[in-house]
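The next block is query_6.pdb, given as PDB, C-alpha atoms, pLDDT in the B column.
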```
ATOM      1  CA  MET A   1       0.000   0.000   0.000  1.00 55.00           C
ATOM      2  CA  SER A   2       1.349   3.419  -0.990  1.00 63.00           C
ATOM      3  CA  LEU A   3       2.037   5.917   1.782  1.00 80.00           C
ATOM      4  CA  ILE A   4       1.609   8.877  -0.588  1.00 87.00           C
ATOM      5  CA  PRO A   5      -2.025   9.767  -1.277  1.00 91.00           C
ATOM      6  CA  PRO A   6      -2.959  10.587  -4.873  1.00 94.00           C
ATOM      7  CA  PRO A   7      -4.707  13.833  -5.839  1.00 96.00           C
ATOM      8  CA  LEU A   8      -8.299  14.178  -4.699  1.00 97.00           C
ATOM      9  CA  ARG A   9     -10.841  13.203  -7.316  1.00 97.00           C
ATOM     10  CA  VAL A  10     -13.991  14.990  -8.447  1.00 98.00           C
ATOM     11  CA  ALA A  11     -16.274  13.672 -11.173  1.00 97.00           C
ATOM     12  CA  ARG A  12     -16.829  15.897 -14.205  1.00 96.00           C
ATOM     13  CA  GLY A  13     -20.554  15.809 -13.685  1.00 97.00           C
ATOM     14  CA  ALA A  14     -23.496  14.206 -11.953  1.00 97.00           C
ATOM     15  CA  THR A  15     -24.585  10.658 -12.813  1.00 97.00           C
ATOM     16  CA  PHE A  16     -27.935   8.943 -12.476  1.00 97.00           C
ATOM     17  CA  ASP A  17     -28.464   6.170  -9.923  1.00 96.00           C
ATOM     18  CA  MET A  18     -31.782   4.429 -10.517  1.00 94.00           C
ATOM     19  CA  TYR A  19     -31.831   3.296  -6.865  1.00 92.00           C
ATOM     20  CA  GLY A  20     -30.301   6.442  -5.395  1.00 93.00           C
ATOM     21  CA  GLY A  21     -31.955   8.233  -2.511  1.00 90.00           C
ATOM     22  CA  ALA A  22     -31.744  11.388  -0.451  1.00 90.00           C
ATOM     23  CA  LEU A  23     -30.573  11.281   3.150  1.00 92.00           C
ATOM     24  CA  PRO A  24     -31.025  14.584   5.050  1.00 92.00           C
ATOM     25  CA  LEU A  25     -27.871  15.502   6.962  1.00 92.00           C
ATOM     26  CA  GLY A  26     -29.710  15.428  10.303  1.00 89.00           C
ATOM     27  CA  ASP A  27     -27.728  14.124  13.273  1.00 89.00           C
ATOM     28  CA  TRP A  28     -26.821  10.591  12.096  1.00 93.00           C
ATOM     29  CA  SER A  29     -23.272   9.234  12.133  1.00 94.00           C
ATOM     30  CA  TYR A  30     -21.299   6.659  10.150  1.00 95.00           C
ATOM     31  CA  ALA A  31     -20.778   2.995  11.084  1.00 94.00           C
ATOM     32  CA  ILE A  32     -18.165   0.534   9.820  1.00 93.00           C
ATOM     33  CA  ASP A  33     -19.848  -1.751   7.318  1.00 89.00           C
ATOM     34  CA  GLY A  34     -18.985  -4.528   4.922  1.00 72.00           C
ATOM     35  CA  SER A  35     -16.010  -6.312   6.510  1.00 74.00           C
ATOM     36  CA  ALA A  36     -14.513  -7.359   9.831  1.00 75.00           C
ATOM     37  CA  VAL A  37     -11.735  -5.076  11.057  1.00 89.00           C
ATOM     38  CA  PHE A  38      -9.436  -4.974  14.062  1.00 91.00           C
ATOM     39  CA  TYR A  39      -7.503  -2.215  15.765  1.00 93.00           C
ATOM     40  CA  GLY A  40      -3.850  -1.900  14.858  1.00 92.00           C
ATOM     41  CA  PRO A  41      -0.968   0.589  15.251  1.00 93.00           C
ATOM     42  CA  GLY A  42      -0.516   3.882  13.469  1.00 94.00           C
ATOM     43  CA  TRP A  43      -2.534   6.996  12.810  1.00 96.00           C
ATOM     44  CA  TYR A  44      -5.218   4.954  11.041  1.00 96.00           C
ATOM     45  CA  PRO A  45      -6.708   2.455  13.509  1.00 95.00           C
ATOM     46  CA  LEU A  46      -8.680   0.097  11.242  1.00 95.00           C
ATOM     47  CA  HIS A  47      -6.728  -2.977  10.210  1.00 93.00           C
ATOM     48  CA  HIS A  48      -7.189  -6.416   8.666  1.00 86.00           C
ATOM     49  CA  CYS A  49      -5.345  -9.545   9.714  1.00 77.00           C
ATOM     50  CA  VAL A  50      -2.325 -10.551   7.629  1.00 68.00           C
ATOM     51  CA  LEU A  51      -2.641 -14.211   6.659  1.00 62.00           C
ATOM     52  CA  ARG A  52      -0.148 -16.676   5.181  1.00 66.00           C
ATOM     53  CA  ASN A  53      -0.364 -20.050   3.437  1.00 69.00           C
ATOM     54  CA  GLU A  54       0.845 -23.164   5.214  1.00 71.00           C
ATOM     55  CA  ALA A  55       0.554 -26.878   4.557  1.00 70.00           C
ATOM     56  CA  HIS A  56      -2.594 -28.367   6.026  1.00 73.00           C
ATOM     57  CA  PRO A  57      -1.601 -30.817   8.798  1.00 75.00           C
ATOM     58  CA  ALA A  58      -4.321 -33.291   7.830  1.00 74.00           C
ATOM     59  CA  ALA A  59      -3.714 -33.002   4.072  1.00 73.00           C
ATOM     60  CA  PRO A  60      -0.097 -32.009   3.279  1.00 72.00           C
ATOM     61  CA  LEU A  61      -0.777 -31.543  -0.448  1.00 71.00           C
ATOM     62  CA  THR A  62      -3.223 -28.733   0.296  1.00 77.00           C
ATOM     63  CA  THR A  63      -2.698 -25.395   2.017  1.00 71.00           C
ATOM     64  CA  ARG A  64      -4.699 -23.312   4.423  1.00 63.00           C
ATOM     65  CA  ARG A  65      -4.684 -19.613   5.376  1.00 63.00           C
ATOM     66  CA  VAL A  66      -3.591 -18.892   8.941  1.00 60.00           C
ATOM     67  CA  PRO A  67      -3.067 -15.621  10.863  1.00 62.00           C
ATOM     68  CA  THR A  68       0.488 -14.333  11.144  1.00 64.00           C
ATOM     69  CA  GLY A  69      -0.201 -12.230  14.236  1.00 67.00           C
ATOM     70  CA  ARG A  70       0.269  -9.047  12.194  1.00 74.00           C
ATOM     71  CA  THR A  71      -2.258  -6.578  10.864  1.00 76.00           C
ATOM     72  CA  ARG A  72      -2.190  -3.946   8.148  1.00 88.00           C
ATOM     73  CA  PRO A  73      -4.180  -0.733   7.560  1.00 92.00           C
ATOM     74  CA  ALA A  74      -7.243  -1.718   5.577  1.00 92.00           C
ATOM     75  CA  PRO A  75      -9.697  -0.049   3.218  1.00 94.00           C
ATOM     76  CA  VAL A  76     -13.171  -0.183   4.730  1.00 95.00           C
ATOM     77  CA  ARG A  77     -16.690   0.833   3.844  1.00 95.00           C
ATOM     78  CA  LEU A  78     -18.861   3.105   5.963  1.00 95.00           C
ATOM     79  CA  SER A  79     -22.627   3.466   5.959  1.00 94.00           C
ATOM     80  CA  PRO A  80     -25.078   5.746   7.770  1.00 94.00           C
ATOM     81  CA  ASN A  81     -26.374   4.201  10.996  1.00 90.00           C
ATOM     82  CA  THR A  82     -29.907   5.549  10.655  1.00 86.00           C
ATOM     83  CA  GLU A  83     -31.726   2.419   9.457  1.00 80.00           C
ATOM     84  CA  LEU A  84     -31.256  -1.146   8.223  1.00 75.00           C
ATOM     85  CA  ARG A  85     -30.746  -1.077   4.460  1.00 78.00           C
ATOM     86  CA  ALA A  86     -28.275  -1.374   1.587  1.00 81.00           C
ATOM     87  CA  TRP A  87     -27.152   2.194   1.027  1.00 88.00           C
ATOM     88  CA  ARG A  88     -26.150   2.584  -2.642  1.00 90.00           C
ATOM     89  CA  ASN A  89     -25.086   6.248  -2.972  1.00 95.00           C
ATOM     90  CA  GLU A  90     -24.583   6.852   0.756  1.00 95.00           C
ATOM     91  CA  TYR A  91     -21.737   4.362   1.242  1.00 95.00           C
ATOM     92  CA  VAL A  92     -18.291   5.893   1.834  1.00 97.00           C
ATOM     93  CA  GLY A  93     -15.084   3.996   1.034  1.00 96.00           C
ATOM     94  CA  LEU A  94     -11.925   4.723   3.064  1.00 97.00           C
ATOM     95  CA  ARG A  95      -8.414   4.369   1.582  1.00 96.00           C
ATOM     96  CA  PRO A  96      -5.656   4.820   4.210  1.00 96.00           C
ATOM     97  CA  TYR A  97      -2.191   6.205   3.445  1.00 95.00           C
ATOM     98  CA  ASP A  98       0.129   7.726   6.081  1.00 92.00           C
ATOM     99  CA  HIS A  99      -1.682   9.982   8.565  1.00 95.00           C
ATOM    100  CA  ARG A 100      -4.126  10.785   5.776  1.00 97.00           C
ATOM    101  CA  VAL A 101      -7.183   8.884   4.621  1.00 97.00           C
ATOM    102  CA  HIS A 102      -9.149   9.402   1.420  1.00 98.00           C
ATOM    103  CA  ALA A 103     -12.918   9.078   1.670  1.00 98.00           C
ATOM    104  CA  ASP A 104     -14.654   8.227  -1.624  1.00 98.00           C
ATOM    105  CA  ALA A 105     -18.253   9.391  -1.506  1.00 98.00           C
ATOM    106  CA  LYS A 106     -21.192  10.430  -3.642  1.00 97.00           C
ATOM    107  CA  MET A 107     -23.038  13.648  -2.965  1.00 98.00           C
ATOM    108  CA  PHE A 108     -26.807  13.746  -3.500  1.00 97.00           C
ATOM    109  CA  VAL A 109     -27.690  16.330  -6.160  1.00 97.00           C
ATOM    110  CA  ASN A 110     -31.441  15.958  -6.734  1.00 96.00           C
ATOM    111  CA  ARG A 111     -34.253  13.501  -7.284  1.00 94.00           C
ATOM    112  CA  ARG A 112     -34.666  12.091 -10.778  1.00 94.00           C
ATOM    113  CA  GLY A 113     -37.749   9.943 -11.231  1.00 92.00           C
ATOM    114  CA  ALA A 114     -37.541   6.996  -8.834  1.00 89.00           C
ATOM    115  CA  GLY A 115     -33.780   7.499  -8.415  1.00 93.00           C
ATOM    116  CA  ALA A 116     -31.347  10.349  -7.910  1.00 95.00           C
ATOM    117  CA  MET A 117     -28.528  12.283  -9.515  1.00 97.00           C
ATOM    118  CA  THR A 118     -25.274  11.972  -7.563  1.00 98.00           C
ATOM    119  CA  TRP A 119     -21.794  13.526  -7.833  1.00 98.00           C
ATOM    120  CA  ALA A 120     -18.748  11.419  -6.948  1.00 98.00           C
ATOM    121  CA  LEU A 121     -15.734  12.939  -5.210  1.00 98.00           C
ATOM    122  CA  SER A 122     -13.033  12.131  -2.695  1.00 98.00           C
ATOM    123  CA  MET A 123     -12.135  14.016   0.481  1.00 98.00           C
ATOM    124  CA  GLU A 124      -8.971  13.868   2.550  1.00 98.00           C
ATOM    125  CA  ILE A 125      -9.113  13.178   6.288  1.00 98.00           C
ATOM    126  CA  ASP A 126      -5.943  14.237   8.120  1.00 98.00           C
ATOM    127  CA  LEU A 127      -5.804  12.312  11.396  1.00 97.00           C
ATOM    128  CA  ARG A 128      -2.701  14.132  12.617  1.00 97.00           C
ATOM    129  CA  ALA A 129      -4.179  17.615  12.135  1.00 97.00           C
ATOM    130  CA  GLU A 130      -7.780  16.396  12.744  1.00 97.00           C
ATOM    131  CA  GLU A 131      -8.894  18.280   9.648  1.00 98.00           C
ATOM    132  CA  ILE A 132     -10.693  17.473   6.429  1.00 98.00           C
ATOM    133  CA  THR A 133     -10.072  18.741   2.898  1.00 98.00           C
ATOM    134  CA  VAL A 134     -12.796  18.960   0.283  1.00 98.00           C
ATOM    135  CA  PRO A 135     -11.339  19.450  -3.221  1.00 97.00           C
ATOM    136  CA  ASP A 136     -11.595  22.916  -4.761  1.00 97.00           C
ATOM    137  CA  ALA A 137     -13.408  21.416  -7.758  1.00 97.00           C
ATOM    138  CA  CYS A 138     -16.349  20.337  -5.591  1.00 98.00           C
ATOM    139  CA  PRO A 139     -19.469  22.123  -6.894  1.00 97.00           C
ATOM    140  CA  PRO A 140     -20.274  25.020  -4.516  1.00 97.00           C
ATOM    141  CA  GLU A 141     -23.835  23.814  -3.936  1.00 97.00           C
ATOM    142  CA  LEU A 142     -22.499  20.450  -2.698  1.00 98.00           C
ATOM    143  CA  ARG A 143     -19.703  21.756  -0.474  1.00 98.00           C
ATOM    144  CA  GLU A 144     -21.781  21.954   2.728  1.00 97.00           C
ATOM    145  CA  GLN A 145     -22.908  18.329   2.247  1.00 97.00           C
ATOM    146  CA  ALA A 146     -19.345  17.185   1.520  1.00 98.00           C
ATOM    147  CA  GLU A 147     -17.911  18.985   4.555  1.00 98.00           C
ATOM    148  CA  ALA A 148     -20.594  17.561   6.855  1.00 97.00           C
ATOM    149  CA  LYS A 149     -19.931  14.024   5.649  1.00 98.00           C
ATOM    150  CA  GLY A 150     -16.163  14.521   5.840  1.00 98.00           C
ATOM    151  CA  HIS A 151     -16.387  15.654   9.462  1.00 98.00           C
ATOM    152  CA  ARG A 152     -18.534  12.606  10.293  1.00 97.00           C
ATOM    153  CA  VAL A 153     -15.885  10.315   8.790  1.00 98.00           C
ATOM    154  CA  LEU A 154     -13.269  12.094  10.929  1.00 98.00           C
ATOM    155  CA  ALA A 155     -15.488  11.677  14.016  1.00 97.00           C
ATOM    156  CA  LEU A 156     -15.773   7.916  13.421  1.00 97.00           C
ATOM    157  CA  LEU A 157     -12.000   7.498  13.016  1.00 97.00           C
ATOM    158  CA  LEU A 158     -11.296   9.532  16.150  1.00 97.00           C
ATOM    159  CA  ALA A 159     -13.839   7.447  18.081  1.00 97.00           C
ATOM    160  CA  ALA A 160     -12.119   4.284  16.829  1.00 96.00           C
ATOM    161  CA  ARG A 161      -8.749   5.618  18.005  1.00 96.00           C
ATOM    162  CA  GLN A 162     -10.221   6.326  21.440  1.00 96.00           C
ATOM    163  CA  GLU A 163     -11.513   2.759  21.635  1.00 96.00           C
ATOM    164  CA  ARG A 164      -8.063   1.483  20.705  1.00 95.00           C
ATOM    165  CA  TYR A 165      -6.475   3.648  23.427  1.00 95.00           C
ATOM    166  CA  ARG A 166      -8.908   2.108  25.936  1.00 95.00           C
ATOM    167  CA  GLY A 167      -7.621  -1.350  25.018  1.00 94.00           C
ATOM    168  CA  LEU A 168     -10.382  -2.641  22.745  1.00 94.00           C
ATOM    169  CA  GLY A 169      -9.176  -5.023  20.052  1.00 91.00           C
ATOM    170  CA  GLU A 170     -11.914  -4.245  17.540  1.00 91.00           C
ATOM    171  CA  PRO A 171     -14.727  -1.725  16.988  1.00 93.00           C
ATOM    172  CA  SER A 172     -17.582  -1.863  19.471  1.00 92.00           C
ATOM    173  CA  SER A 173     -21.233  -2.167  18.516  1.00 87.00           C
ATOM    174  CA  ALA A 174     -21.526   1.631  18.605  1.00 87.00           C
ATOM    175  CA  LEU A 175     -19.258   1.848  15.530  1.00 92.00           C
ATOM    176  CA  THR A 176     -20.690  -1.088  13.563  1.00 87.00           C
ATOM    177  CA  PRO A 177     -24.178  -1.686  12.149  1.00 80.00           C
ATOM    178  CA  PRO A 178     -26.156  -4.712  13.346  1.00 66.00           C
ATOM    179  CA  PRO A 179     -25.948  -7.845  11.144  1.00 61.00           C
ATOM    180  CA  ALA A 180     -29.391  -7.117   9.707  1.00 56.00           C
ATOM    181  CA  ALA A 181     -27.967  -3.971   8.087  1.00 48.00           C
ATOM    182  CA  MET A 182     -25.660  -5.990   5.820  1.00 49.00           C
ATOM    183  CA  ASP A 183     -26.343  -6.384   2.129  1.00 48.00           C
ATOM    184  CA  PRO A 184     -28.293  -9.594   1.397  1.00 44.00           C
ATOM    185  CA  GLY A 185     -25.924 -12.528   1.099  1.00 44.00           C
ATOM    186  CA  GLU A 186     -22.869 -10.566   2.185  1.00 43.00           C
ATOM    187  CA  GLN A 187     -20.312 -12.392   4.325  1.00 38.00           C
ATOM    188  CA  ARG A 188     -18.334 -10.754   7.113  1.00 36.00           C
ATOM    189  CA  GLY A 189     -14.809 -11.835   7.976  1.00 36.00           C
ATOM    190  CA  PRO A 190     -11.145 -10.850   7.702  1.00 34.00           C
ATOM    191  CA  ARG A 191      -9.955 -10.142   4.182  1.00 34.00           C
ATOM    192  CA  PRO A 192      -6.821 -12.140   3.276  1.00 33.00           C
ATOM    193  CA  THR A 193      -3.671 -10.198   2.545  1.00 35.00           C
ATOM    194  CA  GLU A 194       0.015 -10.955   2.331  1.00 33.00           C
ATOM    195  CA  ASP A 195       1.538  -7.560   3.129  1.00 36.00           C
ATOM    196  CA  PRO A 196       2.580  -6.577   6.662  1.00 33.00           C
ATOM    197  CA  GLY A 197       1.244  -3.352   8.146  1.00 37.00           C
ATOM    198  CA  THR A 198       3.335  -0.231   7.933  1.00 39.00           C
ATOM    199  CA  GLY A 199       1.833   1.604  10.906  1.00 41.00           C
ATOM    200  CA  GLY A 200       3.057   5.024  12.017  1.00 43.00           C
ATOM    201  CA  THR A 201       3.283   7.090  15.145  1.00 41.00           C
ATOM    202  CA  SER A 202       0.018   7.873  16.855  1.00 40.00           C
TER     203      SER A 202
END
```
Entire entry expressed as structure tokens:
Amino acid sequence: MSLIPPPLRVARGATFDMYGGALPLGDWSYAIDGSAVFYGPGWYPLHHCVLRNEAHPAAPLTTRRVPTGRTRPAPVRLSPNTELRAWRNEYVGLRPYDHRVHADAKMFVNRRGAGAMTWALSMEIDLRAEEITVPDACPPELREQAEAKGHRVLALLLAARQERYRGLGEPSSALTPPPAAMDPGEQRGPRPTEDPGTGGTS
């Protein structure tokens, strides 16, 4: 995983999502959704287990994946915690780098028939400075929405860091949606990876 974040991205225009919906900003917060994560070292607290292949003791010609005892910073998906549903345009994807995290999101533009027009962009969350950056190319009418969502991503990551400082090994129920909020048929569990974590100073 690169430690240097790429430039922030902003779509050239709005796109139609036939299942898109509007979520008023209100007072909801984000939850960690879509995969199992654990707390690990560094500015970014959300990690996956690092696994390795080893010969299966009962069948030496086959291999199995086993934990190495290490973790690495992991991309995760966030969803609003307001109700039990699959969120489409309200999911946010996190991509960690050094002390910075990019949040890939879609801003609601307007209703269009049974769906919605949305505008994709990325924001930068600086965990060291505890600040967010919305790209200059963000349409002015969407900036308030983007800033509100960016600050809620920052709030979730700071809450996760506080849990880690208190000795928790993984996010508590307050930071994760209940199982019924998962997409139909989705499986939770550690995502295999071969690379060791790079961490940082927190």
Hits from the PyMOL selection byres ((chain A and resi 96) around 8), listed as a list in words: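 That selection, the PyMOL selection byres ((chain A and resi 96) around 8), comes back as Tyr44, Pro73, Ala74, Pro75, Leu94, Arg95, Tyr97, Asp98, His99, Arg100, Val101 and His102 of chain A.
Every protein, DNA or RNA residue with an atom at most 10 Å from Glu141 of chain A, where all atoms listed in the file count and chain neighbours fewer than 4 positions away do not, is listed here: Val109, Gln145 and Ala146 of chain A.
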Taking 2 positions as the minimum chain separation for residues in the same chain, which residues sit within 12 Å of Asp136 of chain A when counting only C-alpha atoms? Answer as number ranges by chain. A: 7-10, 121-124, 133-134, 138-140, 142-143, 146-147
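Between atom CA of Ser172 of chain A and atom CA of Tyr91 of chain A there is a distance of 19.7 Å.
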One decimal, Å: what's the distance from atom CA of Ala103 of chain A over to atom CA of Ser173 of chain A, could you say?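 That distance, rounded to one decimal, is 21.9 Å.
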For segment 12-21 of chain A, please output as a PyMOL selection string all residues within 12 Å (counting all atoms listed in the file; exclusion window: fewer than 5 positions along the same chain). chain A and resi 85-91+106-121+137-139+142
Atom CA of His47 of chain A and atom CA of Thr71 of chain A, how far apart in Å?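 Atom CA of His47 of chain A lies 5.8 Å from atom CA of Thr71 of chain A.
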Pick the closest to Arg152 of chain A from A:Pro5, A:Pro41, A:Gly26, A:Gly34: which is it, counting only C-alpha atoms?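 Looking only at the distances to Arg152 of chain A, the closest residue turns out to be A:Gly26.
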Glu170 of chain A surroundings by only C-alpha atoms, 9 Å radius, close-in-sequence under 2 positions cut, as a list in words: Ala36, Val37, Phe38, Tyr39, Gly40, Leu46, Ala160, Glu163, Arg164, Leu168 and Ser172 of chain A
Excluding Leu154 of chain A and residues on its chain fewer than 5 positions from it, collect all residues at most 9 Å away from it, counting all atoms listed in the file, and give them as a PyMOL selection string. chain A and resi 125-127+130-132+149+159
For Ala105 of chain A, which residue among A:Gln162, A:Ser29, A:Ser35, A:Ser79 is the nearest when counting all atoms listed in the file?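 Ranked by minimum distance to Ala105 of chain A, first place goes to A:Ser79.
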When distances are computed from all atoms listed in the file, which of A:Val153, A:Ala148, A:Leu175, A:Leu158 shows the smallest separation from Leu25 of chain A?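 Nearest to Leu25 of chain A: A:Ala148.
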